[in-house]
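Peer 1: Just passing along the structure, written as structure tokens.
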Amino acid sequence: MAEINITPLEPVAEKNYQVLQVVGEIDRDTITHFKEIMEQFLASFAQNNLILDLQNLMFTNSEGIGYITDIFNRLTAQNKKVVIVNASDRIMDIFNLVGLNSLIPCLSSEQEAAATF
Amino acid sequence: MKFIKKKLTRRLVLMLLIVTVGLGVGAYYYWGTEEAFPLAYSLIGLGIFFLIVSAIICKLVNSPLRKLTKQMKLILTGHSYKRISTNRIDEIGIIAQFFNEITENLEVISKKLKEGGRMSEELTVASDIQQKLLPTENPQVPGLEVVTKTRPAVEIGGDSYDYIHGKDATYFYVGDVTGHGAPAALVMMMVNTLLHTYSEMYQSPYDIVVNTNKQLKPRIKSSMFMTMVFLKWDHTKQKMTYVGAGHEHILIYRAKTGEIESKESGGIALGMTPDNSKIIKELAIPLEQDDIVVLYTDGITEAQNNKGEMFGLERLIELVKKHATQYGPEGINHHVALDFSQFVGDTEQADDITLMVLKYTGVQKAQPQAQAPAPAAQPVQPPQK
């Protein structure tokens, strides 16, 4: 069975951002757990900018995309920024298909993302 | 006395009576000769002993039993009952405990039954909505032959499609809502209503989709969206245009070369952003006679067989290419469905599958129909079986 996990890195004070690594697969079995751990993280997320590092995200279904969109909408409403970095080709194909990349900036590295804050 | 009627208590009291009489007789023979206890005193003493012990029996045995039987009568007659609170560890305590556990289980079971009933009702409602939205027959469109097949998953996926007859044009769409069940069904209903409404107000698919999204977004959960390809077929110009909203590819079979072109739908899914006007575009699909356009949902391409292999876009393209050389829309649908079933075998599919096939039958056939007063009622050639 697929697994999903998130690892928040140390916040970077200078640019007021935090990187969150998402590792595993988001599918019908893991989506509920993914939402739970994300909500826990978001409850204590105090920075202005969030970088989602999707290098080790192997798959996401449409519910996963919907939930990421939801997070983007909620943080944007609080005047916070969300940027996706390091997404694999496979994940980018899925994002391209539904048009998520025209909503959330998808960049190739943390440095590139930090430069936009 | 009422409590004497209770069987168990009556037995105990009877036994007590026998013991008391026995005691009395014994005492009489033991002390009777010494005259220390006159007979009258002995009788009074025994009488008091009898009453006190009876009262204790009544208190210890009868009243907890009465509590139990009262609750049991309530449960048997279908009234509401209470837990029996006791900290006794004797048989009565065990019975009370047993009663409490049984009734607790009963509550859990009846709750589950109710919940299960509600869930299956919800699924029935969802599948009803989905079925009602789907057109019952293939449309009569000047210049086009269209056949769509859809197969809902066991737990309703989010596929929907429809044909919308506008002024001198017909609109077609295939869409897929995130998630399953009633929420997905409600979103597809909303989108269907909005598309129908705006198709009466606007001619351009761009305006129809931009406005549909604008109305949809604030009305649905922010984690939900619907991907869609929205096609317009202009009856008089015999031209096809489309707006993509983050859907799967559009496949175009070119009759002349026998090749398939695979176009990205582009755009962004409905409900993802409040204003999609800068992201979506209306694009043309130039068609020549006998060209075929295929729209599908990811239920087909992401279907897996028991080896965990995905059906995939490449396989779909190859199949459409193969069957388009010899069949029309009906035949392509039929044969792709057969090949699909063969591929997945008896592996249960979690998602709906939908395939819409449109063939440009050409100007010659289209002309007389376009001039007909009521194009919708005009018979186009019957679908090939």
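Within each chain, counting starts at residue 1; across the structure tokens, chains are named A, B, ... in the order shown, with ligands numbered 1 upward in that order.
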As a PyMOL selection string, could you give me every residue of chain B near chain A (at most 8 Å apart, counting only C-alpha atoms)?
Peer 2: chain B and resi 178-179+222-225+227+245-248+264-269+272-273+279
Peer 1: DSSP on the backbone: what in region 185-342 of chain B comes out strand (DSSP E), as number ranges by chain?
Peer 2: B: 226-234, 239-245, 250-254, 259-263, 282-285, 292-296
Peer 1: Run DSSP on the backbone and give me the residues of region 240-306 of chain B it puts in alpha helix (DSSP H), as a PyMOL selection string.
Peer 2: chain B and resi 298-301
Peer 1: To one decimal in Å, tell me the separation between CA of Asn5 (chain A) and CA of Glu110 (chain A).
Peer 2: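 It comes out at 19.3 Å.
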Peer 1: Near Phe49 (chain B), counting only C-alpha atoms, which residues have an atom at most 12 Å away, once you skip same-chain residues fewer than 6 positions from it, shown as a PDB file with C-alpha atoms, in the first residue's frame?
Peer 2:
```
ATOM      1  CA  LEU B  16     -36.578 -19.031  55.090  1.00  0.00           C
ATOM      2  CA  LEU B  17     -39.924 -19.880  56.646  1.00  0.00           C
ATOM      3  CA  VAL B  19     -35.582 -22.630  58.376  1.00  0.00           C
ATOM      4  CA  THR B  20     -37.290 -20.352  60.909  1.00  0.00           C
ATOM      5  CA  VAL B  21     -39.791 -23.025  61.899  1.00  0.00           C
ATOM      6  CA  LEU B  23     -35.006 -23.122  64.334  1.00  0.00           C
ATOM      7  CA  GLY B  24     -38.067 -22.576  66.512  1.00  0.00           C
ATOM      8  CA  SER B  42     -39.254 -17.397  71.353  1.00  0.00           C
ATOM      9  CA  LEU B  43     -42.089 -17.037  68.838  1.00  0.00           C
ATOM     10  CA  ALA B  55     -36.688  -7.774  54.047  1.00  0.00           C
ATOM     11  CA  ILE B  56     -32.965  -8.266  53.351  1.00  0.00           C
TER      12      ILE B  56
END
```
Peer 1: Give me the residues of region 135-164 of chain B that have any atom at most 12 Å from an atom of region 180-189 of chain B; for each, the nearest atom pair and the distance in Å, rounded to one decimal. Use only C-alpha atoms, sort by chain and number, and format it as JSON lines.
Peer 2:
```
{"residue": "B:Pro152", "atom": "CA", "partner": "B:His180", "partner_atom": "CA", "distance": 10.8}
{"residue": "B:Ala153", "atom": "CA", "partner": "B:His180", "partner_atom": "CA", "distance": 9.5}
{"residue": "B:Val154", "atom": "CA", "partner": "B:Gly181", "partner_atom": "CA", "distance": 10.1}
{"residue": "B:Glu155", "atom": "CA", "partner": "B:Gly181", "partner_atom": "CA", "distance": 6.6}
{"residue": "B:Ile156", "atom": "CA", "partner": "B:Gly181", "partner_atom": "CA", "distance": 5.3}
{"residue": "B:Gly157", "atom": "CA", "partner": "B:His180", "partner_atom": "CA", "distance": 4.7}
{"residue": "B:Gly158", "atom": "CA", "partner": "B:Ala184", "partner_atom": "CA", "distance": 5.5}
{"residue": "B:Asp159", "atom": "CA", "partner": "B:Met188", "partner_atom": "CA", "distance": 8.0}
{"residue": "B:Ser160", "atom": "CA", "partner": "B:Met188", "partner_atom": "CA", "distance": 6.7}
{"residue": "B:Tyr161", "atom": "CA", "partner": "B:Met188", "partner_atom": "CA", "distance": 9.1}
{"residue": "B:Asp162", "atom": "CA", "partner": "B:Met188", "partner_atom": "CA", "distance": 10.7}
```
Peer 1: Hey, which of A:Met92, A:Gln111, A:Val22, A:Asn16 ends up closest to Leu57 (chain A)? Count only C-alpha atoms.
Peer 2: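 Smallest separation from Leu57 (chain A) among the options: A:Val22.
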Peer 1: Which residues come within 12 Å of Asp89 (chain A), counting only C-alpha atoms, excluding same-chain residues fewer than 2 positions away, as a PyMOL selection string?
Peer 2: chain A and resi 54-59+85-87+91-96+106+108
Peer 1: Could you write those residues out with N, CA and C atoms, as a compact mmCIF listing (two decimals), in the first residue's frame?
Peer 2:
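Output (again-v2.txt):
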```
# COMPACT_ATOMS: atom_id res chain seq x y z
N LEU A 54 8.37 18.80 -4.11
CA LEU A 54 7.69 17.56 -4.54
C LEU A 54 8.63 16.58 -5.24
N GLN A 55 9.94 16.74 -4.96
CA GLN A 55 10.91 15.87 -5.63
C GLN A 55 10.59 14.39 -5.46
N ASN A 56 10.14 14.02 -4.27
CA ASN A 56 9.88 12.60 -4.00
C ASN A 56 8.39 12.27 -3.91
N LEU A 57 7.59 13.12 -4.55
CA LEU A 57 6.18 12.77 -4.68
C LEU A 57 6.07 11.97 -5.97
N MET A 58 5.66 10.72 -5.85
CA MET A 58 5.66 9.84 -7.01
C MET A 58 4.35 9.88 -7.79
N PHE A 59 3.26 10.16 -7.09
CA PHE A 59 1.96 10.16 -7.78
C PHE A 59 0.97 11.02 -6.99
N VAL A 85 8.28 23.29 -6.02
CA VAL A 85 9.59 23.10 -6.64
C VAL A 85 9.91 21.61 -6.82
N ASN A 86 10.83 21.36 -7.78
CA ASN A 86 11.40 20.02 -7.98
C ASN A 86 10.41 18.93 -8.36
N ALA A 87 9.24 19.29 -8.84
CA ALA A 87 8.27 18.24 -9.18
C ALA A 87 8.81 17.40 -10.33
N ILE A 91 4.77 14.14 -12.34
CA ILE A 91 3.87 15.01 -11.59
C ILE A 91 3.55 16.28 -12.40
N MET A 92 4.60 16.81 -13.08
CA MET A 92 4.35 18.02 -13.88
C MET A 92 3.36 17.74 -15.02
N ASP A 93 3.43 16.53 -15.58
CA ASP A 93 2.46 16.16 -16.62
C ASP A 93 1.04 16.25 -16.09
N ILE A 94 0.86 15.73 -14.86
CA ILE A 94 -0.48 15.75 -14.26
C ILE A 94 -0.90 17.21 -14.00
N PHE A 95 0.03 18.01 -13.47
CA PHE A 95 -0.28 19.42 -13.19
C PHE A 95 -0.61 20.18 -14.47
N ASN A 96 0.17 19.88 -15.54
CA ASN A 96 -0.08 20.53 -16.83
C ASN A 96 -1.47 20.21 -17.34
N CYS A 106 5.36 26.72 -10.59
CA CYS A 106 6.13 25.48 -10.43
C CYS A 106 7.55 25.76 -10.90
N SER A 108 12.08 25.18 -10.48
CA SER A 108 12.97 24.02 -10.46
C SER A 108 13.84 23.92 -9.21
```
